[in-house]
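Colleague: Following this line is query32.cif, made up of mmCIF, C-alpha atoms and all ligand atoms:
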```cif
data_my_file
#
loop_
_atom_site.group_PDB
_atom_site.id
_atom_site.type_symbol
_atom_site.label_atom_id
_atom_site.label_comp_id
_atom_site.auth_asym_id
_atom_site.auth_seq_id
_atom_site.Cartn_x
_atom_site.Cartn_y
_atom_site.Cartn_z
ATOM 1 C CA MET A 1 92.143 96.448 85.049
ATOM 2 C CA ALA A 2 88.647 95.126 85.328
ATOM 3 C CA GLU A 3 87.899 92.263 82.973
ATOM 4 C CA GLY A 4 84.182 91.905 83.440
ATOM 5 C CA ARG A 5 82.143 90.028 86.012
ATOM 6 C CA ARG A 6 84.319 87.693 88.053
ATOM 7 C CA LEU A 7 83.966 85.547 91.149
ATOM 8 C CA LEU A 8 86.022 87.030 93.942
ATOM 9 C CA VAL A 9 86.603 86.527 97.659
ATOM 10 C CA ALA A 10 88.734 89.076 99.496
ATOM 11 C CA GLY A 11 89.982 88.717 103.063
ATOM 12 C CA ASN A 12 90.407 92.006 104.895
ATOM 13 C CA TRP A 13 92.536 91.414 107.978
ATOM 14 C CA LYS A 14 91.897 94.975 109.194
ATOM 15 C CA MET A 15 94.397 95.836 111.962
ATOM 16 C CA ASN A 16 95.025 92.213 112.875
ATOM 17 C CA GLY A 17 97.771 89.674 112.382
ATOM 18 C CA THR A 18 101.497 89.511 112.909
ATOM 19 C CA ARG A 19 104.468 89.241 110.648
ATOM 20 C CA ALA A 20 104.786 85.586 111.623
ATOM 21 C CA MET A 21 101.195 84.965 110.606
ATOM 22 C CA VAL A 22 101.827 86.002 106.990
ATOM 23 C CA ALA A 23 103.868 82.992 105.885
ATOM 24 C CA GLU A 24 101.805 80.530 107.891
ATOM 25 C CA TYR A 25 98.589 81.960 106.483
ATOM 26 C CA ALA A 26 99.834 81.942 102.904
ATOM 27 C CA ALA A 27 100.930 78.328 103.284
ATOM 28 C CA GLY A 28 97.397 77.417 104.361
ATOM 29 C CA LEU A 29 95.784 78.996 101.306
ATOM 30 C CA GLU A 30 94.594 76.936 98.386
ATOM 31 C CA ALA A 31 93.602 78.291 95.014
ATOM 32 C CA VAL A 32 89.943 77.623 94.214
ATOM 33 C CA SER A 33 89.199 77.109 90.551
ATOM 34 C CA GLY A 34 87.155 79.920 89.040
ATOM 35 C CA VAL A 35 87.487 82.189 92.085
ATOM 36 C CA GLN A 36 89.967 85.032 92.509
ATOM 37 C CA LEU A 37 91.221 85.104 96.099
ATOM 38 C CA VAL A 38 92.600 88.395 97.392
ATOM 39 C CA ILE A 39 94.382 88.824 100.731
ATOM 40 C CA VAL A 40 94.313 92.282 102.270
ATOM 41 C CA PRO A 41 96.687 92.431 105.257
ATOM 42 C CA PRO A 42 97.846 95.548 107.084
ATOM 43 C CA THR A 43 100.041 97.663 104.803
ATOM 44 C CA ILE A 44 103.147 96.969 106.885
ATOM 45 C CA TYR A 45 102.910 93.276 105.901
ATOM 46 C CA LEU A 46 102.420 93.760 102.163
ATOM 47 C CA ALA A 47 106.068 93.120 101.312
ATOM 48 C CA ASP A 48 106.056 89.916 103.350
ATOM 49 C CA MET A 49 102.811 88.891 101.660
ATOM 50 C CA ALA A 50 104.399 89.512 98.257
ATOM 51 C CA LEU A 51 107.154 87.057 99.118
ATOM 52 C CA ALA A 52 104.780 84.537 100.666
ATOM 53 C CA LEU A 53 102.488 84.556 97.602
ATOM 54 C CA ASP A 54 105.242 84.684 94.994
ATOM 55 C CA GLY A 55 104.258 82.406 92.110
ATOM 56 C CA SER A 56 100.762 81.869 93.498
ATOM 57 C CA PRO A 57 97.555 82.767 91.618
ATOM 58 C CA ILE A 58 96.320 84.343 94.848
ATOM 59 C CA SER A 59 96.651 88.116 94.804
ATOM 60 C CA PHE A 60 96.839 90.702 97.549
ATOM 61 C CA GLY A 61 96.164 94.331 98.209
ATOM 62 C CA ALA A 62 96.061 97.250 100.624
ATOM 63 C CA GLN A 63 93.238 98.317 102.925
ATOM 64 C CA ASP A 64 93.591 101.977 101.946
ATOM 65 C CA VAL A 65 95.703 104.267 99.774
ATOM 66 C CA HIS A 66 96.260 108.024 99.693
ATOM 67 C CA THR A 67 94.828 110.251 96.983
ATOM 68 C CA GLN A 68 98.222 111.703 96.058
ATOM 69 C CA ALA A 69 101.148 110.011 94.346
ATOM 70 C CA ALA A 70 103.738 111.489 96.757
ATOM 71 C CA GLY A 71 104.247 114.381 99.117
ATOM 72 C CA ALA A 72 104.166 115.638 102.676
ATOM 73 C CA PHE A 73 101.502 113.290 104.034
ATOM 74 C CA THR A 74 102.971 111.846 107.203
ATOM 75 C CA GLY A 75 101.872 108.310 107.915
ATOM 76 C CA ASP A 76 100.135 107.781 104.590
ATOM 77 C CA VAL A 77 100.945 105.334 101.800
ATOM 78 C CA ALA A 78 100.586 106.064 98.074
ATOM 79 C CA ALA A 79 98.910 103.673 95.676
ATOM 80 C CA GLY A 80 102.103 103.563 93.602
ATOM 81 C CA MET A 81 104.028 102.280 96.620
ATOM 82 C CA VAL A 82 101.485 99.523 97.119
ATOM 83 C CA ALA A 83 101.725 98.602 93.428
ATOM 84 C CA GLU A 84 105.521 98.635 93.555
ATOM 85 C CA ILE A 85 105.415 95.898 96.217
ATOM 86 C CA GLY A 86 103.465 93.741 93.775
ATOM 87 C CA ALA A 87 99.962 94.243 95.136
ATOM 88 C CA GLN A 88 97.110 94.307 92.617
ATOM 89 C CA TRP A 89 94.308 95.665 94.756
ATOM 90 C CA ALA A 90 93.293 98.512 97.049
ATOM 91 C CA ILE A 91 90.168 98.759 99.176
ATOM 92 C CA VAL A 92 88.842 102.320 99.182
ATOM 93 C CA GLY A 93 86.028 103.787 101.243
ATOM 94 C CA HIS A 94 85.672 101.024 103.823
ATOM 95 C CA SER A 95 83.062 102.106 106.363
ATOM 96 C CA GLU A 96 85.681 102.012 109.132
ATOM 97 C CA ARG A 97 87.761 104.565 107.164
ATOM 98 C CA ARG A 98 84.633 106.625 106.610
ATOM 99 C CA ALA A 99 83.666 106.455 110.305
ATOM 100 C CA TYR A 100 87.050 106.808 112.010
ATOM 101 C CA HIS A 101 88.881 108.964 109.475
ATOM 102 C CA GLY A 102 85.997 111.065 108.209
ATOM 103 C CA GLU A 103 86.309 109.873 104.611
ATOM 104 C CA SER A 104 83.707 111.368 102.292
ATOM 105 C CA ASP A 105 82.442 109.989 98.987
ATOM 106 C CA GLU A 106 84.554 112.655 97.252
ATOM 107 C CA LEU A 107 87.716 111.496 99.003
ATOM 108 C CA VAL A 108 86.830 107.886 98.241
ATOM 109 C CA ALA A 109 86.400 108.832 94.571
ATOM 110 C CA ASP A 110 89.844 110.472 94.554
ATOM 111 C CA LYS A 111 91.343 107.340 96.117
ATOM 112 C CA LEU A 112 89.634 105.222 93.474
ATOM 113 C CA VAL A 113 91.251 107.320 90.751
ATOM 114 C CA ALA A 114 94.644 107.242 92.501
ATOM 115 C CA ALA A 115 94.466 103.447 92.721
ATOM 116 C CA LEU A 116 93.628 103.144 89.022
ATOM 117 C CA GLU A 117 96.426 105.521 88.052
ATOM 118 C CA ALA A 118 98.852 103.315 89.948
ATOM 119 C CA GLY A 119 97.577 100.239 88.103
ATOM 120 C CA LEU A 120 95.714 98.818 91.096
ATOM 121 C CA GLU A 121 92.197 97.424 91.006
ATOM 122 C CA PRO A 122 90.046 99.346 93.476
ATOM 123 C CA MET A 123 87.398 97.706 95.653
ATOM 124 C CA VAL A 124 84.974 100.464 96.531
ATOM 125 C CA CYS A 125 82.886 99.968 99.675
ATOM 126 C CA LEU A 126 79.345 101.268 100.078
ATOM 127 C CA GLY A 127 76.687 100.662 102.693
ATOM 128 C CA GLU A 128 74.045 102.131 104.928
ATOM 129 C CA SER A 129 73.912 102.422 108.724
ATOM 130 C CA LEU A 130 71.298 100.673 110.866
ATOM 131 C CA SER A 131 69.370 103.910 111.389
ATOM 132 C CA GLN A 132 69.323 104.553 107.647
ATOM 133 C CA ARG A 133 67.973 101.041 107.019
ATOM 134 C CA GLU A 134 65.380 101.372 109.774
ATOM 135 C CA ALA A 135 64.283 104.677 108.288
ATOM 136 C CA GLY A 136 63.751 102.969 104.937
ATOM 137 C CA GLU A 137 66.665 104.885 103.412
ATOM 138 C CA ALA A 138 69.062 102.033 102.653
ATOM 139 C CA GLU A 139 68.635 102.082 98.880
ATOM 140 C CA ALA A 140 68.682 105.869 98.697
ATOM 141 C CA THR A 141 71.860 105.996 100.796
ATOM 142 C CA VAL A 142 73.752 103.476 98.704
ATOM 143 C CA GLY A 143 72.492 105.085 95.489
ATOM 144 C CA ARG A 144 73.678 108.480 96.702
ATOM 145 C CA GLN A 145 77.134 107.104 97.590
ATOM 146 C CA LEU A 146 77.452 105.541 94.161
ATOM 147 C CA ARG A 147 76.294 108.668 92.320
ATOM 148 C CA SER A 148 78.619 110.947 94.324
ATOM 149 C CA ILE A 149 81.576 108.707 93.587
ATOM 150 C CA ALA A 150 80.655 108.470 89.902
ATOM 151 C CA GLN A 151 80.203 112.226 89.627
ATOM 152 C CA ARG A 152 83.656 112.885 91.029
ATOM 153 C CA ALA A 153 85.638 109.982 89.554
ATOM 154 C CA GLY A 154 83.685 109.567 86.320
ATOM 155 C CA ALA A 155 81.684 106.583 85.166
ATOM 156 C CA GLU A 156 84.659 105.252 83.246
ATOM 157 C CA SER A 157 86.765 105.013 86.426
ATOM 158 C CA LEU A 158 83.912 103.488 88.381
ATOM 159 C CA SER A 159 83.481 100.879 85.670
ATOM 160 C CA GLN A 160 86.995 99.639 86.420
ATOM 161 C CA ALA A 161 86.287 99.034 90.101
ATOM 162 C CA VAL A 162 84.881 96.137 92.057
ATOM 163 C CA ILE A 163 82.050 97.293 94.313
ATOM 164 C CA ALA A 164 81.477 95.888 97.785
ATOM 165 C CA TYR A 165 78.107 96.424 99.417
ATOM 166 C CA GLU A 166 78.717 96.292 103.144
ATOM 167 C CA PRO A 167 75.802 97.303 105.360
ATOM 168 C CA ILE A 168 77.457 98.878 108.403
ATOM 169 C CA TRP A 169 75.119 97.094 110.794
ATOM 170 C CA ALA A 170 76.355 93.733 109.484
ATOM 171 C CA ILE A 171 80.086 94.420 109.789
ATOM 172 C CA GLY A 172 81.719 92.566 112.656
ATOM 173 C CA THR A 173 78.359 92.067 114.356
ATOM 174 C CA GLY A 174 77.596 88.471 113.472
ATOM 175 C CA VAL A 175 74.378 89.727 111.873
ATOM 176 C CA THR A 176 74.405 89.282 108.119
ATOM 177 C CA ALA A 177 71.971 90.836 105.723
ATOM 178 C CA THR A 178 69.444 88.201 104.701
ATOM 179 C CA PRO A 179 70.177 86.733 101.280
ATOM 180 C CA GLU A 180 67.134 88.668 100.001
ATOM 181 C CA GLN A 181 68.325 91.980 101.482
ATOM 182 C CA ALA A 182 71.781 91.440 100.029
ATOM 183 C CA ASP A 183 70.606 90.417 96.579
ATOM 184 C CA ASP A 184 68.012 93.217 96.475
ATOM 185 C CA MET A 185 70.660 95.823 97.199
ATOM 186 C CA HIS A 186 72.999 94.346 94.628
ATOM 187 C CA ARG A 187 70.222 94.608 92.077
ATOM 188 C CA VAL A 188 69.690 98.249 93.068
ATOM 189 C CA ILE A 189 73.417 98.862 92.640
ATOM 190 C CA ARG A 190 73.324 97.337 89.158
ATOM 191 C CA ASN A 191 70.361 99.552 88.272
ATOM 192 C CA VAL A 192 72.104 102.705 89.504
ATOM 193 C CA LEU A 193 75.265 101.732 87.633
ATOM 194 C CA ASP A 194 73.242 101.240 84.502
ATOM 195 C CA ASP A 195 71.710 104.667 85.008
ATOM 196 C CA LEU A 196 75.177 106.133 85.355
ATOM 197 C CA GLY A 197 76.254 104.674 82.047
ATOM 198 C CA VAL A 198 78.428 101.990 83.635
ATOM 199 C CA PRO A 199 78.087 98.550 82.012
ATOM 200 C CA ALA A 200 76.408 97.041 85.050
ATOM 201 C CA ASP A 201 76.255 93.479 83.726
ATOM 202 C CA THR A 202 80.028 93.224 83.637
ATOM 203 C CA MET A 203 80.660 94.686 87.103
ATOM 204 C CA THR A 204 81.834 92.446 89.918
ATOM 205 C CA LEU A 205 79.764 93.099 93.060
ATOM 206 C CA LEU A 206 80.680 91.735 96.482
ATOM 207 C CA TYR A 207 78.705 91.459 99.693
ATOM 208 C CA GLY A 208 80.441 92.153 103.001
ATOM 209 C CA GLY A 209 79.281 91.897 106.608
ATOM 210 C CA SER A 210 79.738 88.865 108.865
ATOM 211 C CA VAL A 211 80.233 86.412 106.002
ATOM 212 C CA ASN A 212 81.624 83.102 107.199
ATOM 213 C CA ALA A 213 81.975 79.535 105.975
ATOM 214 C CA ASP A 214 78.544 78.630 107.387
ATOM 215 C CA ASN A 215 76.442 81.392 105.870
ATOM 216 C CA ALA A 216 78.352 81.982 102.614
ATOM 217 C CA ALA A 217 76.354 79.520 100.494
ATOM 218 C CA ASP A 218 73.048 81.236 101.351
ATOM 219 C CA ILE A 219 74.402 84.662 100.453
ATOM 220 C CA PHE A 220 76.051 83.483 97.240
ATOM 221 C CA ALA A 221 72.726 82.095 96.037
ATOM 222 C CA GLY A 222 71.842 85.694 95.141
ATOM 223 C CA GLU A 223 72.246 86.035 91.389
ATOM 224 C CA ASN A 224 73.547 89.598 91.631
ATOM 225 C CA ILE A 225 76.280 88.700 94.117
ATOM 226 C CA ASP A 226 79.684 87.744 92.722
ATOM 227 C CA GLY A 227 81.580 87.165 95.947
ATOM 228 C CA ALA A 228 82.425 88.543 99.358
ATOM 229 C CA LEU A 229 84.612 90.944 101.239
ATOM 230 C CA VAL A 230 85.331 89.079 104.456
ATOM 231 C CA GLY A 231 86.683 90.529 107.695
ATOM 232 C CA GLY A 232 86.714 88.403 110.840
ATOM 233 C CA ALA A 233 86.334 85.049 109.073
ATOM 234 C CA SER A 234 89.321 85.836 106.839
ATOM 235 C CA LEU A 235 91.800 85.649 109.712
ATOM 236 C CA LYS A 236 92.034 81.887 109.293
ATOM 237 C CA SER A 237 93.119 80.827 105.819
ATOM 238 C CA ASP A 238 91.034 77.669 105.874
ATOM 239 C CA SER A 239 87.850 79.604 106.533
ATOM 240 C CA LEU A 240 88.597 82.030 103.686
ATOM 241 C CA VAL A 241 89.224 79.067 101.368
ATOM 242 C CA ALA A 242 85.951 77.457 102.530
ATOM 243 C CA ILE A 243 84.102 80.670 101.617
ATOM 244 C CA ALA A 244 85.752 80.648 98.177
ATOM 245 C CA ARG A 245 84.693 77.003 97.714
ATOM 246 C CA ALA A 246 81.130 77.912 98.674
ATOM 247 C CA LEU A 247 81.228 80.623 96.002
ATOM 248 C CA ALA A 248 82.510 78.240 93.337
ATOM 249 C CA ALA A 249 79.815 75.716 94.280
ATOM 250 C CA ALA A 250 77.027 78.326 94.306
ATOM 251 C CA LYS A 251 77.998 79.642 90.873
ATOM 252 C CA HIS A 252 78.982 76.264 89.410
ATOM 253 C CA ALA A 253 82.412 77.680 88.620
HETATM 254 P P1 LIG B 1 83.292 91.237 108.882
HETATM 255 O O1 LIG B 1 83.933 92.501 108.123
HETATM 256 O O2 LIG B 1 83.333 90.090 107.916
HETATM 257 O O3 LIG B 1 84.176 91.028 110.084
HETATM 258 O O4 LIG B 1 81.898 91.616 109.244
HETATM 259 C C1 LIG B 1 83.624 92.750 106.793
HETATM 260 C C2 LIG B 1 84.346 93.972 106.336
HETATM 261 O O5 LIG B 1 84.432 94.951 107.095
HETATM 262 O O6 LIG B 1 84.840 94.012 105.192
#
```
For this file, produce the structure as structure tokens.
Modeller:
Amino acid sequence: MAEGRRLLVAGNWKMNGTRAMVAEYAAGLEAVSGVQLVIVPPTIYLADMALALDGSPISFGAQDVHTQAAGAFTGDVAAGMVAEIGAQWAIVGHSERRAYHGESDELVADKLVAALEAGLEPMVCLGESLSQREAGEAEATVGRQLRSIAQRAGAESLSQAVIAYEPIWAIGTGVTATPEQADDMHRVIRNVLDDLGVPADTMTLLYGGSVNADNAADIFAGENIDGALVGGASLKSDSLVAIARALAAAKHA
């Protein structure tokens, strides 16, 4: 369960990696004092990751979970199954799930609740497209996503999640939001949360979108940013650890 504002760096492998990579990767990880590291491999490797990280303070999670606890949902994985393996986390509402699997805010809200019911900590992803930003609608879009999720899941559930702001135009493109753009949006998110009755000051907010070891320090300078959800740069354990070190240094953890 959420314990208030924390420093967190999560590595989302997406559909990358091999079984052999799991042990090698885990061996290359180092705990960074004050920072929670979370590894998010493909679901098929969660059991291997559980073994590889046994006894380590580094936690792991799934990239997606189903809304239902069990049933006739071919190909899907329930949050309870992910928890049973020993995972602590589930990403819900990643923009790639929204884009390629048609996931709506309502579905994302149901996944958030399913994750909580299974005892997982959800990381809820939000973010605007390039055309929405160019049209001056970035803040309205993210606010709408947050309100829709809160309306369906309830403010109490949302308060137990970590929120990742990931502008779609920055994901996998090598173009990050500027530190100002990122921090501004995180401030907007805190304001909307406050409006929704969620204790915004205690929420952990991550930035995601082309974060790497070279640009992390600039992004983490934003006072509203508590960490990062990292895709491409998480595929090498040393670069994920370097990002976590940059976070600790930026926040004097
Ligand atoms: P990226 O992905 O770091 O490769 O841009 C981020 C994400 O999708 O979480």
Colleague: Would you kindly return, as a list of chain:residue names, each protein, DNA or RNA residue with an atom no farther than 8 Å from any atom of region 108-121 of chain A, considering all atoms listed in the file and excluding same-chain residues fewer than 4 positions away?
Modeller: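 Contacts, in chain order: A:Met1, A:Ala2, A:Val65, A:His66, A:Thr67, A:Gln68, A:Ala69, A:Ala79, A:Gly80, A:Ala83, A:Ala87, A:Gln88, A:Trp89, A:Ala90, A:Val92, A:Gly93, A:Glu103, A:Ser104, A:Ile149, A:Ala150, A:Arg152, A:Ala153, A:Ser157, A:Leu158, A:Gln160, A:Ala161, A:Val162.
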Colleague: Since we have the selection now, will you write its residues out, keeping C-alpha atoms, as an mmCIF file, in the frame of the given file?
Modeller:
```cif
data_model
loop_
_atom_site.group_PDB
_atom_site.id
_atom_site.type_symbol
_atom_site.label_atom_id
_atom_site.label_comp_id
_atom_site.auth_asym_id
_atom_site.auth_seq_id
_atom_site.Cartn_x
_atom_site.Cartn_y
_atom_site.Cartn_z
ATOM 1 C CA MET A 1 92.143 96.448 85.049
ATOM 2 C CA ALA A 2 88.647 95.126 85.328
ATOM 3 C CA VAL A 65 95.703 104.267 99.774
ATOM 4 C CA HIS A 66 96.260 108.024 99.693
ATOM 5 C CA THR A 67 94.828 110.251 96.983
ATOM 6 C CA GLN A 68 98.222 111.703 96.058
ATOM 7 C CA ALA A 69 101.148 110.011 94.346
ATOM 8 C CA ALA A 79 98.910 103.673 95.676
ATOM 9 C CA GLY A 80 102.103 103.563 93.602
ATOM 10 C CA ALA A 83 101.725 98.602 93.428
ATOM 11 C CA ALA A 87 99.962 94.243 95.136
ATOM 12 C CA GLN A 88 97.110 94.307 92.617
ATOM 13 C CA TRP A 89 94.308 95.665 94.756
ATOM 14 C CA ALA A 90 93.293 98.512 97.049
ATOM 15 C CA VAL A 92 88.842 102.320 99.182
ATOM 16 C CA GLY A 93 86.028 103.787 101.243
ATOM 17 C CA GLU A 103 86.309 109.873 104.611
ATOM 18 C CA SER A 104 83.707 111.368 102.292
ATOM 19 C CA ILE A 149 81.576 108.707 93.587
ATOM 20 C CA ALA A 150 80.655 108.470 89.902
ATOM 21 C CA ARG A 152 83.656 112.885 91.029
ATOM 22 C CA ALA A 153 85.638 109.982 89.554
ATOM 23 C CA SER A 157 86.765 105.013 86.426
ATOM 24 C CA LEU A 158 83.912 103.488 88.381
ATOM 25 C CA GLN A 160 86.995 99.639 86.420
ATOM 26 C CA ALA A 161 86.287 99.034 90.101
ATOM 27 C CA VAL A 162 84.881 96.137 92.057
#
```
Colleague: Counting all atoms listed in the file, which residues of chain A fall within 6 Å of ligand LIG 1 (chain B), and what is the closest atom pair for each with its distance in Å at one decimal, ordered by chain and rising number, as JSON lines?
Modeller:
```
{"residue": "A:Asn12", "atom": "CA", "partner": "B:LIG1", "partner_atom": "O6", "distance": 5.9}
{"residue": "A:Ala170", "atom": "CA", "partner": "B:LIG1", "partner_atom": "O4", "distance": 5.9}
{"residue": "A:Ile171", "atom": "CA", "partner": "B:LIG1", "partner_atom": "O4", "distance": 3.4}
{"residue": "A:Gly172", "atom": "CA", "partner": "B:LIG1", "partner_atom": "O4", "distance": 3.5}
{"residue": "A:Gly208", "atom": "CA", "partner": "B:LIG1", "partner_atom": "C1", "distance": 5.0}
{"residue": "A:Gly209", "atom": "CA", "partner": "B:LIG1", "partner_atom": "O4", "distance": 3.7}
{"residue": "A:Ser210", "atom": "CA", "partner": "B:LIG1", "partner_atom": "O4", "distance": 3.5}
{"residue": "A:Val211", "atom": "CA", "partner": "B:LIG1", "partner_atom": "O2", "distance": 5.2}
{"residue": "A:Leu229", "atom": "CA", "partner": "B:LIG1", "partner_atom": "O6", "distance": 5.0}
{"residue": "A:Val230", "atom": "CA", "partner": "B:LIG1", "partner_atom": "O2", "distance": 4.1}
{"residue": "A:Gly231", "atom": "CA", "partner": "B:LIG1", "partner_atom": "O2", "distance": 3.4}
{"residue": "A:Gly232", "atom": "CA", "partner": "B:LIG1", "partner_atom": "O3", "distance": 3.7}
{"residue": "A:Ala233", "atom": "CA", "partner": "B:LIG1", "partner_atom": "O2", "distance": 6.0}
```
Colleague: Find the residue from A:Leu37, A:Ala26, A:Val142, A:Met21 that sits nearest to Arg245 (chain A); use all atoms listed in the file when measuring.
Modeller: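 Going through A:Leu37, A:Ala26, A:Val142, A:Met21 one by one, the smallest distance to Arg245 (chain A) is for A:Leu37.
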Colleague: Taking into account only C-alpha atoms, which residue in the set A:Ala213, A:Ser159, A:Asn191, A:Ala200 is nearest to Asp238 (chain A)?
Modeller: A:Ala213
Colleague: For the PyMOL selection byres (((chain A and resi 178) around 12) and not hetatm), applied here, can you spell out every residue it catches as a list of chain:residue names?
Modeller: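 Selection result, ordered by chain and number: A:Pro167, A:Ala170, A:Gly174, A:Val175, A:Thr176, A:Ala177, A:Pro179, A:Glu180, A:Gln181, A:Ala182, A:Asp183, A:Asp184, A:Met185, A:Tyr207, A:Gly208, A:Gly209, A:Ser210, A:Val211, A:Asn215, A:Ala216, A:Ala217, A:Asp218, A:Ile219, A:Phe220, A:Ala221, A:Gly222.
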Colleague: Calculate how many Å separate CA of Leu51 (chain A) from CA of Ile85 (chain A), rounding to one decimal.
Modeller: 9.5 Å
Colleague: For CA of Ile58 (chain A) and CA of Arg6 (chain A), determine how far apart the two atoms are, in Å to one decimal place.
Modeller: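 Straight-line distance from CA of Ile58 (chain A) to CA of Arg6 (chain A) works out to 14.2 Å.
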Colleague: Could you write out as AutoDock Vina command-line options the box around region 33-40 of chain A (axis-aligned, all atoms listed in the file, 5 Å on each side), with centre and edge lengths in Å to one decimal?
Modeller:
```
--center_x 90.8 --center_y 84.7 --center_z 95.7 --size_x 17.2 --size_y 25.2 --size_z 23.2
```
Colleague: Determine the residue set returned by the PyMOL selection byres (((chain A and resi 46) around 12) and not hetatm) for the present structure, and present it as an MDAnalysis selection string.
Modeller: chainID A and resid 13 17:19 22:23 39:45 47:54 59:63 77 81:90
Colleague: Selected residues, C-alpha atoms, written as an mmCIF file, in the frame of the given file, please.
Modeller:
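Output contents, as saved in part14.cif:
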```
data_model
loop_
_atom_site.group_PDB
_atom_site.id
_atom_site.type_symbol
_atom_site.label_atom_id
_atom_site.label_comp_id
_atom_site.auth_asym_id
_atom_site.auth_seq_id
_atom_site.Cartn_x
_atom_site.Cartn_y
_atom_site.Cartn_z
ATOM 1 C CA TRP A 13 92.536 91.414 107.978
ATOM 2 C CA GLY A 17 97.771 89.674 112.382
ATOM 3 C CA THR A 18 101.497 89.511 112.909
ATOM 4 C CA ARG A 19 104.468 89.241 110.648
ATOM 5 C CA VAL A 22 101.827 86.002 106.990
ATOM 6 C CA ALA A 23 103.868 82.992 105.885
ATOM 7 C CA ILE A 39 94.382 88.824 100.731
ATOM 8 C CA VAL A 40 94.313 92.282 102.270
ATOM 9 C CA PRO A 41 96.687 92.431 105.257
ATOM 10 C CA PRO A 42 97.846 95.548 107.084
ATOM 11 C CA THR A 43 100.041 97.663 104.803
ATOM 12 C CA ILE A 44 103.147 96.969 106.885
ATOM 13 C CA TYR A 45 102.910 93.276 105.901
ATOM 14 C CA ALA A 47 106.068 93.120 101.312
ATOM 15 C CA ASP A 48 106.056 89.916 103.350
ATOM 16 C CA MET A 49 102.811 88.891 101.660
ATOM 17 C CA ALA A 50 104.399 89.512 98.257
ATOM 18 C CA LEU A 51 107.154 87.057 99.118
ATOM 19 C CA ALA A 52 104.780 84.537 100.666
ATOM 20 C CA LEU A 53 102.488 84.556 97.602
ATOM 21 C CA ASP A 54 105.242 84.684 94.994
ATOM 22 C CA SER A 59 96.651 88.116 94.804
ATOM 23 C CA PHE A 60 96.839 90.702 97.549
ATOM 24 C CA GLY A 61 96.164 94.331 98.209
ATOM 25 C CA ALA A 62 96.061 97.250 100.624
ATOM 26 C CA GLN A 63 93.238 98.317 102.925
ATOM 27 C CA VAL A 77 100.945 105.334 101.800
ATOM 28 C CA MET A 81 104.028 102.280 96.620
ATOM 29 C CA VAL A 82 101.485 99.523 97.119
ATOM 30 C CA ALA A 83 101.725 98.602 93.428
ATOM 31 C CA GLU A 84 105.521 98.635 93.555
ATOM 32 C CA ILE A 85 105.415 95.898 96.217
ATOM 33 C CA GLY A 86 103.465 93.741 93.775
ATOM 34 C CA ALA A 87 99.962 94.243 95.136
ATOM 35 C CA GLN A 88 97.110 94.307 92.617
ATOM 36 C CA TRP A 89 94.308 95.665 94.756
ATOM 37 C CA ALA A 90 93.293 98.512 97.049
#
```
Colleague: Interatomic distance between CA of Glu24 (chain A) and CA of Gly11 (chain A)?
Modeller: 15.2 Å
Colleague: I'd like to know which of A:Ala72, A:Ala249, A:Met203, A:Asn212 is closest to Leu235 (chain A), using only C-alpha atoms.
Modeller: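 Of all the options, A:Asn212 lies closest to Leu235 (chain A).
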Colleague: Please write as a PyMOL selection string the full residue list that the PyMOL selection byres (((chain A and resi 94) around 10) and not hetatm) yields on this file.
Modeller: chain A and resi 63-64+91-93+95-99+103+108+123-127+164-166+168
Colleague: Rank nothing, just name the residue among A:Leu205, A:Ala253, A:Gly28, A:Leu107 nearest to Ile163 (chain A), using all atoms listed in the file.
Modeller: A:Leu205
Colleague: Kindly indicate which residue among A:Ala70, A:Ala228, A:Leu29, A:Leu196 lies nearest to Leu8 (chain A), using all atoms listed in the file for the distances.
Modeller: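 Of the candidates, the smallest distance to Leu8 (chain A) is held by A:Ala228.
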Colleague: For Gly227 (chain A), which residue out of A:Val35, A:Leu206, A:Ala242, A:Leu130 is the nearest one, using only C-alpha atoms?
Modeller: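 Closest candidate: A:Leu206.
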Colleague: Model the absent atoms of region 10-15 of chain A so that N, CA, C and O atoms are present, and write the result as a PDB file, keeping the file's coordinate frame.
Modeller:
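File produced: selection-v7.pdb:
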```
ATOM      1  N   ALA A  10      87.621  88.308  98.941  1.00  0.00           N
ATOM      2  CA  ALA A  10      88.734  89.076  99.496  1.00  0.00           C
ATOM      3  C   ALA A  10      88.699  88.986 101.015  1.00  0.00           C
ATOM      4  O   ALA A  10      87.629  89.084 101.625  1.00  0.00           O
ATOM      5  N   GLY A  11      89.860  88.799 101.607  1.00  0.00           N
ATOM      6  CA  GLY A  11      89.982  88.717 103.063  1.00  0.00           C
ATOM      7  C   GLY A  11      90.669  89.945 103.605  1.00  0.00           C
ATOM      8  O   GLY A  11      91.850  90.161 103.354  1.00  0.00           O
ATOM      9  N   ASN A  12      89.891  90.763 104.315  1.00  0.00           N
ATOM     10  CA  ASN A  12      90.407  92.006 104.895  1.00  0.00           C
ATOM     11  C   ASN A  12      90.788  91.745 106.349  1.00  0.00           C
ATOM     12  O   ASN A  12      89.918  91.593 107.200  1.00  0.00           O
ATOM     13  N   TRP A  13      92.079  91.700 106.601  1.00  0.00           N
ATOM     14  CA  TRP A  13      92.536  91.414 107.978  1.00  0.00           C
ATOM     15  C   TRP A  13      92.262  92.575 108.933  1.00  0.00           C
ATOM     16  O   TRP A  13      92.358  92.427 110.127  1.00  0.00           O
ATOM     17  N   LYS A  14      91.998  93.751 108.363  1.00  0.00           N
ATOM     18  CA  LYS A  14      91.897  94.975 109.194  1.00  0.00           C
ATOM     19  C   LYS A  14      93.200  95.120 109.992  1.00  0.00           C
ATOM     20  O   LYS A  14      94.253  94.737 109.482  1.00  0.00           O
ATOM     21  N   MET A  15      93.147  95.641 111.214  1.00  0.00           N
ATOM     22  CA  MET A  15      94.397  95.836 111.962  1.00  0.00           C
ATOM     23  C   MET A  15      94.662  94.610 112.841  1.00  0.00           C
ATOM     24  O   MET A  15      94.702  94.685 114.065  1.00  0.00           O
TER      25      MET A  15
END
```
